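Here is the structure we will look at.
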Amino acid sequence: MKIVIFFSSIGQGHISAAQAIEKEITRQDPSVIVLKKDIRAFMDPMRRVLDEKLYWFIAKNLPGLFDYLFTSLQEKGNSAGSLSSLPHDYPEEKVIEYLNAEAPDAILATHYGSAQVLGNLREKGLLPGIKIGWLHTDYFEGYFPRISLRIDRTFLAHPELTSRWLAAGIPPELIETTGMPVNVPGGTEAGGKRCLERLDFVPEIKTITIASGKEGAADFAGVVESIAAHTTESLQVIAVCGCNEKQRRALEKLQRRLSSLVRLEILGFIPQADLVSFIYASDLFITKAGGLSPAEAFTLGKPTILLNVISGHERENAELFSKLGMARFNTDVKEVGAQVLELLHDRDKQAAMLAAQQEFQANMDIGKIARFALDESIKARLPEADFGVEKGLAVRNAEEALARLEADAPADVEVLLSYSTSKQDERIVMENPFGHIALRVGATVYSSNHMTRSEEGPLLQNLGLAEYLFGVEPPVGSQDHTSTYGMAYGRDTLGLRVAGVAPASLERMHAEAAKIEEEFRAGECNWNRIKANCADFVVRILHAGGYRLQYMEGPVSVVTMPLDIFDRARSAFEDDLHCETELVAYRRLPGSQASYRFSRFPLSLGQPVRALTQIITNTDPEKIEKAVKRQLTGYFGDDRIYYENLNKRLSTSAADDLDRSRKKARRIEGVLFEEMKQLITARQMMQFAAYKEKIDRQVTREFIFLIERCYDVARISMEHAEGIITGQNGLTLRSAFEDLMGEYGALNFRERQTEQLSQFISKLSEFQSVIEKGLSEAGQKRHELAAEVSAVLGAIERRFKDSFDLTAAPLRKALKMTRGKKDPSVAPVHRSANGAKSGRGKGAS
């Protein structure tokens, strides 16, 4: 047996899930061949690189735009007549070429894009007998339940999702709750302790691990800074930045000025096993809300805080986890420190969170995914050989589906425009490119039968809507299945449903239909392609009801075109203030075995430009199709009809996600404008930060210069003074000098700690007093050594007072220095003739 697992390399979670599934499959059956394949490998290489860079740029830098694109995708997925019409990045011809070459017995996917492509291929009949399963690696609904209808099995991570899928109308046999496949090795307390000891961490001190996937997409420095600002106790932090060098540099810079209460260990991209060990050894885990990272923490049973890093699907994940009590959701990184301290010290909240995580673990059974792939008794869904053919197998719930549609969109009259259909896939259907039109009045569909003869049956068939669309038993007279009845097995049909038509108008329409039939029986009327086709009869009936339609003008306006009449009827009913209209679609049923199975939007000779546009664009939805709000459709290998609401919404079940009120989606122009303002602001902040860093480096250089000058002056002064000052004063001088050198050795030149610098200046002042006293008692007057010490002491005291404060006037002073201006209070160090350093400052001789 051979199994292919498709994943997407755009996120590490899809890969990890594929690896976990592979491991479980080979555990159950070591003889199975498992091939993991990146669905993105089928993309054009250049486009793939650009696509990935663009994805991460938007995800990290433009959260508003990312959220807009996510919301827009879900709405498009729920409003599309078929998911096959949605654009995607994976060439289907390359995918099917790969699958034909490998010939797998089953296909699994851990990315929705892969499942969507596989559904497209199945609807085209290109994957016969190959069962398809898909693991949804996130925790939101969106339009994804519609993907489940196109494949054999969908695996969901939580019962909450399962209930949403069921509410969306997905049959129970198509879904299973399996939990999220995570490849988490078991840990022990002793192993966790050894893990901390490798970092020289103390096991008794609370430890926090921060990770955010391979991309390191999070404000690591902001998180650590917030923790440091809120803590009053010692904490240990492990920051796993992945491949994000920018975050690593930010942490290294922060580390130099971090509170002594926080011990920080900065790591890059590490093996997953190491990350799991760190999580296990920690008291709390902070991560982004991807599908896998939180699941790993939940499996290990760790209090978890989720960062609002990537909007869209990850925010949906985080809000569900928060709602279910499995994690805390942080929306402001400045407050994460308070959340950390609260969670670390509140045992009740920890216990509640761990209990919710244990419930999550209880639902985990990834063996179900492996058993689906391995169990040969589980077959791919295939249509019956006689499904949708004349006198064959019909859909089983046509009346029920139509009743649901009628309840939501009641209609007194319905104009039914059926597409053209053919046995071969033709851009222009040569047999009849103009389609067919019929009219339902009340419960009766009046549809002209071009095949009938007066002695055989009626010219205007009187059919119920279910029989007209989904019938397989031929009515009285000569019939052509999918052409005169059973339309949905061979072609799409649009329905203009009209409510509010006056009862008197309905009676006149019925009477006109009866009159046409009488004329037919009398030989006064017969079907004629030019003068009495299906569209002409619909016009007569509508005219009788009071709706006089203007024929579409065109080069051959003498021929009544179904599409023209449908357009005119739509305008007439929409102009009637008493009527309400709604466009619905009755889709061609995938898997139908009828000989006519290729459906094209009807053309019109009266609208040549529109017809030519439709021929050229081929598969693009026509403008009328885009206005459809409800549909009845089917799915490959399923003999049921599904009623679907195509109004734009975020979730297929029409439930408001997580009971959150949502504002109407903004226009893309507004989103881009807001994002541009934020980018400009961020750019300005970056420029200010760069400027401040430049000034900071300059002040640091001055600090080092002053300290080194103090050292040189003190050392040289000590060397000269020892020959002058003797006795007890000499010993006192030596002690003062050693104390000063001790403080010098303790200084951190880069950080400029205020306390240490104050102690150094204090010791320098003591050294000055001792040397002046010693010289005075030795009978020396104002000696140049004392003057030099006094000058350098004054310079460093003045700089310490103001110039090392980067938040006030020192910025201006430092700026002057960057322009080449020197402080006159700082005297240069000169070398004496013998090479020793000496200084000349104010008052120096």
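How things are named: the first chain in the structure tokens is A, the next is B, and so on; residues count from 1 in each chain; ligands count from 1 in the order shown.
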Identify all residues of segment 219-376 of chain A in helix (DSSP H, G or I) (DSSP on the backbone) and supply them as a PyMOL selection string. chain A and resi 220-230+245-255+272-281+293-300+313-323+333-345+347-362+367-374
Write down as a PyMOL selection string the residues of segment 397-641 of chain A whose backbone DSSP state falls under strand (DSSP E or B). chain A and resi 413-418+420-422+436-441+444-448+460-463+481+485+493-499+528+532+580-586+598-600+630-633
Which residues are near segment 289-298 of chain A? Cut-off 7 Å, only C-alpha atoms, ignore same chain within fewer than 4 positions. Put them as a PDB file with C-alpha atoms, in the first residue's frame.
```
ATOM      1  CA  GLY A  13       2.753  23.185  11.785  1.00  0.00           C
ATOM      2  CA  THR A 137      -4.786  22.109  11.372  1.00  0.00           C
ATOM      3  CA  ASP A 138      -6.525  25.219  12.706  1.00  0.00           C
ATOM      4  CA  MET A 180      -4.235  17.600  16.659  1.00  0.00           C
ATOM      5  CA  VAL A 182       1.638  16.363  17.675  1.00  0.00           C
ATOM      6  CA  VAL A 184       5.709  15.254  21.487  1.00  0.00           C
ATOM      7  CA  LYS A 302       1.551  23.752  30.612  1.00  0.00           C
ATOM      8  CA  LEU A 306      -1.001  33.145  23.324  1.00  0.00           C
ATOM      9  CA  LEU A 307       0.313  36.271  21.625  1.00  0.00           C
ATOM     10  CA  GLU A 314      -4.358  32.526  14.272  1.00  0.00           C
ATOM     11  CA  ARG A 315      -6.463  35.101  16.059  1.00  0.00           C
ATOM     12  CA  ASN A 317      -7.473  29.976  17.020  1.00  0.00           C
ATOM     13  CA  ALA A 318      -6.481  32.061  20.041  1.00  0.00           C
ATOM     14  CA  GLN A 357      -6.112  21.064  28.421  1.00  0.00           C
TER      15      GLN A 357
END
```
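Comparing A:Met326, A:Ser478, A:Arg256, A:Leu393 by their smallest distance to Ala352 of chain A, the closest is A:Met326 (using only C-alpha atoms).
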For Glu582 of chain A, the nearest of the candidates A:Arg194, A:Arg570, A:His436, A:Lys368, counting only C-alpha atoms: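 Checking each of A:Arg194, A:Arg570, A:His436, A:Lys368 against Glu582 of chain A, counting only C-alpha atoms, the winner is A:Arg570.
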Proximity to Lys36 of chain A - best of A:Ser483, A:Thr110, A:Asn100, A:Ser260, only C-alpha atoms: A:Thr110
Do a neighbour search on Ser8 of chain A at 9 Å with only C-alpha atoms, toss out local chain neighbours closer than 3 positions, and write the hits as a list of chain:residue names.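 In the requested form, the answer reads A:Gly11, A:Gln12, A:Gly13, A:His14, A:Ile15, A:Lys37, A:Asp38, A:Ile39, A:Arg40, A:Ala41, A:Ala109, A:Thr110, A:His111, A:Gly113, A:Ser114.
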Could you save the residues just selected, with N, CA and C atoms, as a compact mmCIF listing (two decimals), in the first residue's frame?
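The resulting again-v2.txt:
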```txt
# COMPACT_ATOMS: atom_id res chain seq x y z
N GLY A 11 4.15 26.93 6.68
CA GLY A 11 4.14 26.93 8.14
C GLY A 11 4.67 25.61 8.66
N GLN A 12 5.43 25.67 9.74
CA GLN A 12 6.02 24.46 10.31
C GLN A 12 4.96 23.50 10.82
N GLY A 13 3.80 24.03 11.22
CA GLY A 13 2.75 23.18 11.79
C GLY A 13 2.25 22.13 10.83
N HIS A 14 2.08 22.50 9.54
CA HIS A 14 1.60 21.52 8.56
C HIS A 14 2.61 20.38 8.39
N ILE A 15 3.89 20.73 8.44
CA ILE A 15 4.94 19.72 8.30
C ILE A 15 4.94 18.80 9.52
N LYS A 37 4.71 15.05 0.58
CA LYS A 37 4.93 15.95 -0.56
C LYS A 37 4.45 17.35 -0.23
N ASP A 38 5.34 18.32 -0.45
CA ASP A 38 5.00 19.72 -0.25
C ASP A 38 4.16 20.19 -1.44
N ILE A 39 2.94 20.62 -1.18
CA ILE A 39 2.05 21.07 -2.27
C ILE A 39 2.64 22.28 -2.97
N ARG A 40 3.48 23.05 -2.27
CA ARG A 40 4.08 24.24 -2.86
C ARG A 40 5.18 23.89 -3.86
N ALA A 41 5.61 22.64 -3.86
CA ALA A 41 6.63 22.22 -4.81
C ALA A 41 6.12 22.27 -6.25
N ALA A 109 -4.05 15.08 3.51
CA ALA A 109 -3.59 16.46 3.40
C ALA A 109 -3.63 17.12 4.76
N THR A 110 -2.61 17.92 5.06
CA THR A 110 -2.61 18.68 6.31
C THR A 110 -2.73 20.17 6.04
N HIS A 111 -3.11 20.53 4.83
CA HIS A 111 -3.28 21.94 4.46
C HIS A 111 -4.54 22.06 3.61
N GLY A 113 -5.37 24.07 1.28
CA GLY A 113 -5.16 24.27 -0.15
C GLY A 113 -4.99 22.96 -0.89
N SER A 114 -4.29 22.02 -0.27
CA SER A 114 -4.12 20.70 -0.88
C SER A 114 -5.46 20.00 -1.00
```
Applying 10 Å and only C-alpha atoms, which residues near Glu512 of chain A remain after dropping the ones on its own chain fewer than 2 positions away? List them as JSON, numbers by chain. {"A": [506, 507, 508, 509, 510, 514, 515, 516, 517, 518, 537, 540, 541, 542, 543, 544, 545]}
Residues at most 9 Å from Leu99 of chain A, counting only C-alpha atoms, excluding those fewer than 4 positions away in the same chain, as a PyMOL selection string? chain A and resi 4+94-95+103-104+127
Keeping only C-alpha atoms, write the selected residues to a file as a short mmCIF file (atom, residue, chain, number, x, y, z; two decimals), in the first residue's frame.
```
data_model
loop_
_atom_site.label_atom_id
_atom_site.label_comp_id
_atom_site.auth_asym_id
_atom_site.auth_seq_id
_atom_site.Cartn_x
_atom_site.Cartn_y
_atom_site.Cartn_z
CA VAL A 4 0.72 10.26 -0.11
CA LYS A 94 1.18 18.99 -12.25
CA VAL A 95 -0.56 17.56 -9.20
CA ALA A 103 -0.51 5.74 -7.98
CA PRO A 104 -1.33 5.98 -4.25
CA LEU A 127 -9.03 10.46 -8.96
#
```
Residues near segment 600-607 of chain A, anyone? I mean within 9 Å using only C-alpha atoms, not counting same-chain ones fewer than 2 positions away, as number ranges by chain. A: 417-422, 426-429, 432-436, 491-492, 552-557, 559-564, 598, 609-612, 614-615, 618-619, 621-622
Grab the residues selected above and save them as a compact mmCIF listing (two decimals), in the first residue's frame with N, CA, C and O atoms.
```txt
# COMPACT_ATOMS: atom_id res chain seq x y z
N LEU A 417 -33.86 29.54 -16.24
CA LEU A 417 -32.96 29.61 -17.38
C LEU A 417 -31.95 28.48 -17.28
O LEU A 417 -31.07 28.49 -16.40
N SER A 418 -32.05 27.49 -18.16
CA SER A 418 -31.12 26.36 -18.15
C SER A 418 -29.98 26.61 -19.13
O SER A 418 -30.18 27.16 -20.21
N TYR A 419 -28.79 26.19 -18.72
CA TYR A 419 -27.60 26.41 -19.53
C TYR A 419 -27.61 25.49 -20.75
O TYR A 419 -28.39 24.53 -20.83
N SER A 420 -26.71 25.76 -21.68
CA SER A 420 -26.50 24.82 -22.79
C SER A 420 -25.72 23.63 -22.27
O SER A 420 -24.99 23.72 -21.27
N THR A 421 -25.86 22.50 -22.93
CA THR A 421 -25.19 21.29 -22.46
C THR A 421 -24.71 20.46 -23.64
O THR A 421 -25.26 20.55 -24.74
N SER A 422 -23.66 19.67 -23.39
CA SER A 422 -23.09 18.87 -24.48
C SER A 422 -22.46 17.60 -23.91
O SER A 422 -22.25 17.48 -22.70
N GLU A 426 -16.98 21.61 -24.72
CA GLU A 426 -16.83 22.54 -25.84
C GLU A 426 -16.93 23.98 -25.33
O GLU A 426 -17.79 24.29 -24.51
N ARG A 427 -16.08 24.84 -25.88
CA ARG A 427 -16.16 26.25 -25.50
C ARG A 427 -17.47 26.86 -26.01
O ARG A 427 -18.09 27.68 -25.34
N ILE A 428 -17.89 26.47 -27.21
CA ILE A 428 -19.20 26.84 -27.74
C ILE A 428 -19.96 25.55 -27.97
O ILE A 428 -19.54 24.70 -28.75
N VAL A 429 -21.08 25.39 -27.29
CA VAL A 429 -21.88 24.18 -27.44
C VAL A 429 -22.59 24.24 -28.79
O VAL A 429 -23.52 25.03 -28.99
N ASN A 432 -26.70 23.25 -29.13
CA ASN A 432 -27.65 24.30 -28.78
C ASN A 432 -26.95 25.25 -27.81
O ASN A 432 -26.97 25.03 -26.60
N PRO A 433 -26.31 26.30 -28.32
CA PRO A 433 -25.55 27.20 -27.43
C PRO A 433 -26.42 28.18 -26.66
O PRO A 433 -25.90 28.92 -25.83
N PHE A 434 -27.75 28.17 -26.92
CA PHE A 434 -28.62 29.22 -26.36
C PHE A 434 -29.38 28.78 -25.11
O PHE A 434 -30.06 29.59 -24.49
N GLY A 435 -29.25 27.51 -24.73
CA GLY A 435 -29.91 27.05 -23.52
C GLY A 435 -31.42 26.90 -23.68
O GLY A 435 -31.95 26.80 -24.79
N HIS A 436 -32.11 26.91 -22.56
CA HIS A 436 -33.56 26.66 -22.53
C HIS A 436 -34.17 27.53 -21.42
O HIS A 436 -33.51 27.82 -20.41
N ARG A 491 -27.04 19.86 -16.67
CA ARG A 491 -26.77 21.29 -16.86
C ARG A 491 -27.17 22.09 -15.63
O ARG A 491 -27.95 21.63 -14.80
N ASP A 492 -26.60 23.28 -15.53
CA ASP A 492 -26.99 24.22 -14.48
C ASP A 492 -28.26 24.95 -14.91
O ASP A 492 -28.53 25.13 -16.11
N MET A 552 -35.07 41.97 -26.67
CA MET A 552 -33.71 42.50 -26.76
C MET A 552 -33.42 42.85 -28.22
O MET A 552 -33.65 42.04 -29.12
N GLU A 553 -32.95 44.07 -28.47
CA GLU A 553 -32.62 44.47 -29.82
C GLU A 553 -31.23 43.97 -30.18
O GLU A 553 -30.31 44.07 -29.38
N GLY A 554 -31.10 43.47 -31.39
CA GLY A 554 -29.81 42.96 -31.82
C GLY A 554 -29.82 42.66 -33.30
O GLY A 554 -30.82 42.89 -33.99
N PRO A 555 -28.73 42.11 -33.81
CA PRO A 555 -28.65 41.85 -35.26
C PRO A 555 -29.65 40.82 -35.73
O PRO A 555 -30.01 40.80 -36.90
N VAL A 556 -30.08 39.94 -34.86
CA VAL A 556 -31.07 38.93 -35.25
C VAL A 556 -32.19 38.91 -34.22
O VAL A 556 -32.54 37.87 -33.68
N SER A 557 -32.77 40.08 -33.94
CA SER A 557 -33.77 40.18 -32.89
C SER A 557 -35.07 39.48 -33.24
O SER A 557 -35.97 39.38 -32.42
N VAL A 559 -35.28 36.40 -33.64
CA VAL A 559 -35.25 35.14 -32.90
C VAL A 559 -35.27 35.47 -31.41
O VAL A 559 -34.44 36.22 -30.92
N THR A 560 -36.23 34.91 -30.70
CA THR A 560 -36.33 35.16 -29.26
C THR A 560 -35.32 34.28 -28.54
O THR A 560 -35.34 33.06 -28.67
N MET A 561 -34.45 34.92 -27.77
CA MET A 561 -33.38 34.22 -27.07
C MET A 561 -33.74 34.01 -25.60
O MET A 561 -34.20 34.94 -24.92
N PRO A 562 -33.52 32.82 -25.06
CA PRO A 562 -33.82 32.56 -23.64
C PRO A 562 -33.13 33.55 -22.70
O PRO A 562 -33.75 34.05 -21.76
N LEU A 563 -31.84 33.85 -22.94
CA LEU A 563 -31.12 34.75 -22.06
C LEU A 563 -31.73 36.15 -22.09
O LEU A 563 -31.85 36.81 -21.05
N ASP A 564 -32.13 36.62 -23.29
CA ASP A 564 -32.74 37.95 -23.39
C ASP A 564 -34.02 38.02 -22.58
O ASP A 564 -34.28 39.01 -21.87
N PHE A 598 -21.65 18.36 -19.76
CA PHE A 598 -20.84 19.57 -19.79
C PHE A 598 -21.74 20.78 -19.99
O PHE A 598 -22.46 20.87 -20.98
N VAL A 609 -21.76 41.10 -27.98
CA VAL A 609 -20.57 41.46 -27.20
C VAL A 609 -20.51 40.62 -25.93
O VAL A 609 -19.45 40.10 -25.56
N ARG A 610 -21.65 40.48 -25.29
CA ARG A 610 -21.70 39.67 -24.06
C ARG A 610 -21.36 38.22 -24.37
O ARG A 610 -20.63 37.56 -23.62
N ALA A 611 -21.88 37.71 -25.50
CA ALA A 611 -21.60 36.32 -25.88
C ALA A 611 -20.12 36.12 -26.17
O ALA A 611 -19.52 35.13 -25.74
N LEU A 612 -19.52 37.08 -26.88
CA LEU A 612 -18.11 36.96 -27.21
C LEU A 612 -17.25 37.00 -25.95
O LEU A 612 -16.28 36.24 -25.82
N GLN A 614 -18.13 36.03 -23.00
CA GLN A 614 -18.29 34.76 -22.30
C GLN A 614 -17.47 33.65 -22.95
O GLN A 614 -16.88 32.81 -22.27
N ILE A 615 -17.40 33.67 -24.26
CA ILE A 615 -16.61 32.65 -24.97
C ILE A 615 -15.12 32.82 -24.67
O ILE A 615 -14.41 31.84 -24.42
N ASN A 618 -14.39 32.17 -20.88
CA ASN A 618 -14.61 30.73 -20.70
C ASN A 618 -15.14 30.35 -19.33
O ASN A 618 -16.34 30.14 -19.15
N THR A 619 -14.28 30.31 -18.29
CA THR A 619 -14.70 29.79 -16.99
C THR A 619 -15.07 30.87 -15.98
O THR A 619 -15.50 30.55 -14.89
N PRO A 621 -17.17 33.47 -13.90
CA PRO A 621 -18.61 33.57 -13.65
C PRO A 621 -19.22 34.74 -14.39
O PRO A 621 -18.64 35.83 -14.47
N GLU A 622 -20.39 34.51 -14.98
CA GLU A 622 -21.12 35.57 -15.67
C GLU A 622 -21.72 36.51 -14.65
O GLU A 622 -21.87 36.16 -13.47
```
Atom pair atom CA of Glu456 of chain A / atom CA of Arg597 of chain A: separation (Å): 27.4 Å
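Minimum atom-to-atom distances from A:Asn647, A:Ser212, A:Ser163, A:Asn308 to Gly242 of chain A were compared using only C-alpha atoms, and the lowest value belongs to A:Ser212.
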Just the number, please: distance in Å from atom CA of Lys391 of chain A to atom CA of Leu121 of chain A, one decimal.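 Pair atom CA of Lys391 of chain A / atom CA of Leu121 of chain A returns 28.3 Å.
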